[in-house]
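Trainee: I have a structure here, written as structure tokens, and I will follow up with some questions on it.
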Amino acid sequence: MVVDARSDVEQSLNVGNTVSHLLNSIDEQLAPWLKERGQGAYRAGQVRRWLFERRAREFREMTDLPQTLRDELGGHFTLWSTQIARHTQAEDGTEKLLLTLADGGQVECVLLRDEVRRTICISTQVGCGMGCVFCASGLDGLTRNLTTGEIVEQMLQLQLLLGPEERLSHVVVMGMGEPLANLDALLPALEEASRDDGLGISARRITISTVGLPKAMRRLVEAKSRYRLAVSLHAPNDELRHRIVPVSEKIPVADILAEADHYFEQSGRRLTFEYVLLAGLNDSVKHAVELAELLGGRTALLNVIPYNPVAGLPYGTPSQSAQRAFRQTLEDRGIAVQFRHRKGDAIDAACGQLRRRSRV
Ligand code: SAH
């Protein structure tokens, strides 16, 4: 009996026995395949260079490989498992892709341009199971984890949008989904982002944003991860946080901060805490005072994100004066605060919006 060892997701990717998604595990798949054909191991490096550096779209373009080998590669491996369902561009240079996966699910990813920076924002799951009350991504719950290949593919698809003079400089894992709930697929994908023979983006320019799952944060410490970690706090105490981030009901803020501190000790990377400012809910001066007390003494940056309203949800963006008072209160107490500059609003490039729009 032949047992199909591929996961359900891999099987549903419609990749038959002879065609497999190369981006899922490039080295592991290419090395034995090349060996079987008596080809030198250096060929894998050539394929990598074409994919990551020379931005090839097809094996056909890999002109320093023999024609027969290119044909065989094309017959055995598929490079792309997704299709671009929509490509939108904003005047500020932000571009967004809505990708349809092989099983029909959809995720979005974004390219942001800021002076010389070229930052990509990628998704890790279809939907999200965390249920943050204000967020569009989790409105329909979690459908499934993305595969490594689907995560790498987002990065390569976004890279293909760049002009020849442009280079990717930063990755933020802040798209749809909770990255720490899909570390098995994410970590190999980020390896491809950071390796010299991958995208070559240094680990300190890669940020993983998490709702704060202590066990998974511990796993990152144990894996000696060098990525930046951003923790979505959104409230200065457990009672309020449970209302805004329901998954935190059994996760005290103190536990999250303790793991974040471990991460800082291990990685040496300054922590970031994210705080979505929701009118009338977590935006008072009292909240700011409490937040300053909670975070005080840490080498940390507080990234405040004025709420980006989601159609159908009853949350609003605080007034300019409320935002100013919140900021001033934190700064007066020595907290390093940054208000996130919103880019791509015009094309709904923030927080799960495009996928929803395309469905309504
Ligand atoms: N699951 C990860 C990544 C989420 S997206 C996490 O929780 O960190 C990155 C950030 O955007 C998170 O802090 C998230 O809470 C925030 N966010 C989600 N929807 C938003 C919205 N409509 N307006 C502003 N920020 C939002």
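Identifiers in this document derive from the order of the structure tokens: chains are assigned A, B, ..., residues are numbered from 1 separately in each chain, and ligands are numbered from 1 in order of occurrence.
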Identify all residues of range 65-306 of chain A in strand (DSSP E or B) (DSSP on the backbone) and supply them as a ChimeraX atom specification.
Mentor: /A:77-78,83-89,95-100,106-114,117-121,125-127,142-145,170-173,206-210,228-232,271-277,300-306
Trainee: What parts of range 132-313 of chain A does DSSP call helix (DSSP H, G or I)? I'd like the answer as number ranges by chain.
Mentor: A: 148-159, 179-181, 183-194, 203-205, 214-222, 238-244, 246-250, 253-267, 285-295
Trainee: Residues within 8 Å of ligand 1, counting only C-alpha atoms and all ligand atoms: report them as a PyMOL selection string.
Mentor: chain A and resi 128+130+132+134-137+173-180+208-212+230-234+274-277+305-310+350-352
Trainee: I need the chosen residues saved as a compact mmCIF listing (two decimals), in the first residue's frame, with C-alpha atoms.
Mentor:
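again-v4.txt was written with the following content:
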```
# COMPACT_ATOMS: atom_id res chain seq x y z
CA CYS A 128 -6.92 33.98 12.43
CA MET A 130 -7.04 34.85 18.11
CA CYS A 132 -9.05 40.30 18.76
CA PHE A 134 -11.30 45.06 16.59
CA CYS A 135 -9.43 43.11 13.89
CA ALA A 136 -10.77 42.17 10.47
CA SER A 137 -8.55 39.13 10.00
CA VAL A 173 5.19 39.37 9.79
CA MET A 174 2.12 41.48 10.44
CA GLY A 175 -0.32 40.31 7.83
CA MET A 176 -3.18 37.96 8.40
CA GLY A 177 -2.86 35.36 11.15
CA GLU A 178 -0.90 34.75 14.33
CA PRO A 179 2.71 33.94 13.38
CA LEU A 180 3.50 32.21 16.65
CA ILE A 208 7.58 38.95 14.01
CA SER A 209 4.44 40.42 15.55
CA THR A 210 2.57 38.29 18.07
CA VAL A 211 -0.52 38.52 20.20
CA GLY A 212 1.75 37.11 22.94
CA ALA A 230 6.76 42.87 18.51
CA VAL A 231 4.15 42.03 21.13
CA SER A 232 0.60 43.26 20.66
CA LEU A 233 -0.42 44.50 24.09
CA HIS A 234 -3.39 46.79 23.45
CA GLU A 274 2.16 47.39 19.91
CA TYR A 275 -0.88 49.20 21.16
CA VAL A 276 -3.90 49.77 18.95
CA LEU A 277 -5.57 52.93 20.19
CA ILE A 305 -1.38 52.37 16.10
CA PRO A 306 -4.43 54.65 15.94
CA TYR A 307 -7.25 52.29 15.05
CA ASN A 308 -7.91 51.77 11.37
CA PRO A 309 -11.71 51.34 11.32
CA VAL A 310 -13.15 48.07 10.02
CA ALA A 350 -3.96 47.74 6.53
CA CYS A 351 -4.96 44.74 8.51
CA GLY A 352 -7.04 42.23 6.60
```
Trainee: Given only C-alpha atoms, how would the per-residue table for range 189-236 of chain A near range 117-124 of chain A read, listing every residue at most 12 Å away with its closest atom pair and distance in Å to one decimal, sorted by chain and number, as a tab-separated table?
Mentor:
```
residue	atom	partner	partner_atom	distance
A:Ala189	CA	A:Thr124	CA	10.1
A:Leu190	CA	A:Ile122	CA	10.8
A:Ala193	CA	A:Ile120	CA	11.0
A:Leu199	CA	A:Ile120	CA	12.0
A:Ile201	CA	A:Thr119	CA	10.5
A:Arg205	CA	A:Thr119	CA	9.1
A:Ile206	CA	A:Thr119	CA	9.3
A:Thr207	CA	A:Cys121	CA	9.5
A:Ile208	CA	A:Ile122	CA	10.0
A:Ser209	CA	A:Cys121	CA	10.6
A:Thr210	CA	A:Thr124	CA	11.3
```
Trainee: When distances are computed from only C-alpha atoms, which of A:Asp64, A:Asp27, A:Glu249, A:Glu108 shows the smallest separation from Glu153 in chain A?
Mentor: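 Among A:Asp64, A:Asp27, A:Glu249, A:Glu108, it is A:Glu108 that comes nearest to Glu153 in chain A.
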Trainee: Give me the residues within 12 Å of range 29-34 of chain A as a PyMOL selection string, counting only C-alpha atoms and dropping any in the same chain fewer than 4 places off.
Mentor: chain A and resi 18-25+38-48+69-70+72-73+76-78
Trainee: Of the candidates A:Glu115, A:Glu331, A:Glu259, A:Glu165, which shows the shortest atom-to-atom distance to Ala292 in chain A, using only C-alpha atoms?
Mentor: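 Residue with the minimum atom-to-atom distance to Ala292 in chain A: A:Glu331.
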Trainee: Write out as an NGL selection string which residues come within 9 Å of range 265-270 of chain A when counting only C-alpha atoms, dropping same-chain ones fewer than 5 positions away.
Mentor: :A and (204 or 221-222 or 224-229 or 260 or 298-301)
Trainee: Next, write the just-selected residues to a file, as a compact mmCIF listing (two decimals), in the first residue's frame, keeping all heavy atoms as the atom set.
Mentor:
```
# COMPACT_ATOMS: atom_id res chain seq x y z
N ARG A 204 17.87 41.31 11.94
CA ARG A 204 17.40 42.48 12.71
C ARG A 204 16.44 43.36 11.90
O ARG A 204 15.84 44.28 12.41
CB ARG A 204 18.57 43.28 13.27
CG ARG A 204 19.42 43.93 12.23
CD ARG A 204 20.48 44.84 12.87
NE ARG A 204 21.01 45.74 11.86
CZ ARG A 204 21.89 45.36 10.93
NH1 ARG A 204 22.35 44.13 10.91
NH2 ARG A 204 22.31 46.21 10.02
N VAL A 221 13.06 31.75 21.95
CA VAL A 221 14.26 31.93 22.76
C VAL A 221 15.15 30.70 22.62
O VAL A 221 16.36 30.81 22.37
CB VAL A 221 13.89 32.13 24.26
CG1 VAL A 221 15.13 32.12 25.13
CG2 VAL A 221 13.11 33.44 24.45
N GLU A 222 14.54 29.53 22.74
CA GLU A 222 15.32 28.28 22.67
C GLU A 222 15.96 28.09 21.29
O GLU A 222 17.04 27.53 21.17
CB GLU A 222 14.43 27.08 23.04
CG GLU A 222 14.24 27.02 24.55
CD GLU A 222 13.07 26.14 24.97
OE1 GLU A 222 12.41 25.55 24.11
OE2 GLU A 222 12.83 26.08 26.20
N LYS A 224 17.15 30.35 19.66
CA LYS A 224 18.12 31.45 19.53
C LYS A 224 17.78 32.38 18.36
O LYS A 224 18.65 32.83 17.61
CB LYS A 224 19.55 30.92 19.38
CG LYS A 224 19.99 30.00 20.53
CD LYS A 224 21.39 30.37 20.97
CE LYS A 224 21.93 29.60 22.18
NZ LYS A 224 20.96 29.19 23.18
N SER A 225 16.51 32.65 18.24
CA SER A 225 16.03 33.52 17.17
C SER A 225 16.64 34.92 17.30
O SER A 225 16.78 35.45 18.40
CB SER A 225 14.51 33.60 17.26
OG SER A 225 14.06 34.78 16.65
N ARG A 226 17.01 35.50 16.17
CA ARG A 226 17.58 36.85 16.16
C ARG A 226 16.63 37.87 15.53
O ARG A 226 17.01 39.00 15.28
CB ARG A 226 18.90 36.85 15.36
CG ARG A 226 19.87 35.76 15.73
CD ARG A 226 20.50 35.98 17.09
NE ARG A 226 21.44 37.08 17.08
CZ ARG A 226 21.87 37.69 18.18
NH1 ARG A 226 21.40 37.33 19.36
NH2 ARG A 226 22.74 38.68 18.10
N TYR A 227 15.42 37.44 15.27
CA TYR A 227 14.47 38.39 14.67
C TYR A 227 13.99 39.38 15.73
O TYR A 227 14.03 39.10 16.92
CB TYR A 227 13.28 37.62 14.08
CG TYR A 227 13.70 36.54 13.12
CD1 TYR A 227 13.43 35.20 13.37
CD2 TYR A 227 14.42 36.87 11.97
CE1 TYR A 227 13.85 34.21 12.49
CE2 TYR A 227 14.84 35.88 11.09
CZ TYR A 227 14.55 34.56 11.35
OH TYR A 227 14.98 33.58 10.49
N ARG A 228 13.48 40.49 15.26
CA ARG A 228 12.84 41.40 16.20
C ARG A 228 11.47 40.85 16.58
O ARG A 228 10.78 40.27 15.75
CB ARG A 228 12.61 42.77 15.55
CG ARG A 228 13.80 43.64 15.59
CD ARG A 228 13.45 45.02 15.04
NE ARG A 228 14.66 45.75 14.77
CZ ARG A 228 15.33 46.41 15.71
NH1 ARG A 228 14.90 46.46 16.95
NH2 ARG A 228 16.45 47.04 15.39
N LEU A 229 11.10 41.09 17.81
CA LEU A 229 9.80 40.61 18.27
C LEU A 229 8.94 41.82 18.65
O LEU A 229 9.39 42.72 19.35
CB LEU A 229 10.01 39.71 19.49
CG LEU A 229 8.78 38.94 19.96
CD1 LEU A 229 8.32 37.93 18.91
CD2 LEU A 229 9.08 38.22 21.27
N ALA A 260 8.81 38.05 27.05
CA ALA A 260 9.39 39.09 26.20
C ALA A 260 10.76 39.51 26.75
O ALA A 260 11.72 39.69 25.99
CB ALA A 260 8.46 40.30 26.12
N ARG A 298 12.17 49.06 30.83
CA ARG A 298 12.56 48.12 29.76
C ARG A 298 13.21 48.86 28.60
O ARG A 298 12.87 50.00 28.34
CB ARG A 298 11.32 47.42 29.20
CG ARG A 298 10.79 46.37 30.10
CD ARG A 298 9.72 45.56 29.40
NE ARG A 298 9.40 44.43 30.25
CZ ARG A 298 8.68 44.52 31.36
NH1 ARG A 298 8.19 45.69 31.74
NH2 ARG A 298 8.47 43.45 32.10
N THR A 299 14.08 48.14 27.89
CA THR A 299 14.59 48.67 26.63
C THR A 299 13.55 48.31 25.57
O THR A 299 13.61 47.25 24.98
CB THR A 299 15.94 48.03 26.29
OG1 THR A 299 16.79 48.19 27.42
CG2 THR A 299 16.58 48.69 25.09
N ALA A 300 12.59 49.18 25.44
CA ALA A 300 11.46 48.82 24.57
C ALA A 300 10.93 50.06 23.86
O ALA A 300 11.08 51.18 24.32
CB ALA A 300 10.35 48.17 25.38
N LEU A 301 10.33 49.77 22.73
CA LEU A 301 9.67 50.82 21.97
C LEU A 301 8.17 50.53 21.99
O LEU A 301 7.76 49.38 21.81
CB LEU A 301 10.16 50.78 20.52
CG LEU A 301 9.44 51.70 19.54
CD1 LEU A 301 9.81 53.15 19.80
CD2 LEU A 301 9.81 51.33 18.10
```
Trainee: Which residue, A:Glu192, A:Asp283, A:Glu290, A:Glu239, has the smallest gap to Gln323 in chain A when you use only C-alpha atoms?
Mentor: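 For Gln323 in chain A, the nearest of the given residues is A:Asp283.
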Trainee: Could you please determine the separation between CA of Val337 in chain A and CA of Ala311 in chain A in Å, to one decimal place?
Mentor: 28.1 Å
Trainee: For Lys286 in chain A, please output as a PyMOL selection string all residues within 9 Å (counting only C-alpha atoms; exclusion window: fewer than 5 positions along the same chain).
Mentor: chain A and resi 291+326+329
Trainee: Write the selection just made, keeping N, CA and C atoms, as a CSV table (one decimal), in the first residue's frame?
Mentor:
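As a result, selection.csv now contains:
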```csv
chain,number,residue,atom,x,y,z
A,291,LEU,N,0.1,52.1,31.6
A,291,LEU,CA,1.0,51.5,30.6
A,291,LEU,C,2.4,51.9,30.8
A,326,PHE,N,-2.4,61.0,25.1
A,326,PHE,CA,-1.9,59.7,25.3
A,326,PHE,C,-0.4,59.7,25.2
A,329,THR,N,1.6,61.8,27.8
A,329,THR,CA,1.7,61.1,29.1
A,329,THR,C,2.8,60.1,29.2
```
Trainee: For range 148-205 of chain A against range 88-106 of chain A, with a cut-off of 12 Å and counting only C-alpha atoms, what is the closest atom pair and its distance in Å to one decimal for every residue that makes the cut, ordered by chain and number, as a Markdown table?
Mentor:
```
| residue | atom | partner | partner_atom | distance |
| --- | --- | --- | --- | --- |
| A:Gly149 | CA | A:Leu101 | CA | 11.0 |
| A:Glu150 | CA | A:Leu101 | CA | 8.0 |
| A:Ile151 | CA | A:Leu101 | CA | 11.0 |
| A:Glu153 | CA | A:Leu99 | CA | 9.8 |
| A:Gln154 | CA | A:Leu99 | CA | 8.2 |
| A:Met155 | CA | A:Leu97 | CA | 10.8 |
| A:Leu156 | CA | A:Leu97 | CA | 11.7 |
| A:Gln157 | CA | A:Leu97 | CA | 8.4 |
| A:Leu158 | CA | A:Leu97 | CA | 7.7 |
| A:Gln159 | CA | A:Glu95 | CA | 11.0 |
| A:Leu160 | CA | A:Leu97 | CA | 11.4 |
| A:Leu161 | CA | A:Glu95 | CA | 8.2 |
| A:Leu162 | CA | A:Glu95 | CA | 10.0 |
| A:Gly163 | CA | A:Gly93 | CA | 11.9 |
| A:Gly175 | CA | A:Lys96 | CA | 11.1 |
| A:Met176 | CA | A:Gln106 | CA | 10.0 |
| A:Gly177 | CA | A:Gln106 | CA | 11.9 |
```
Trainee: Find the residues around Gly131 in chain A up to 10 Å (only C-alpha atoms counted), leave out those fewer than 2 positions away in its own chain, and share them as an MDAnalysis selection string.
Mentor: chainID A and resid 127:129 133:142 244:248
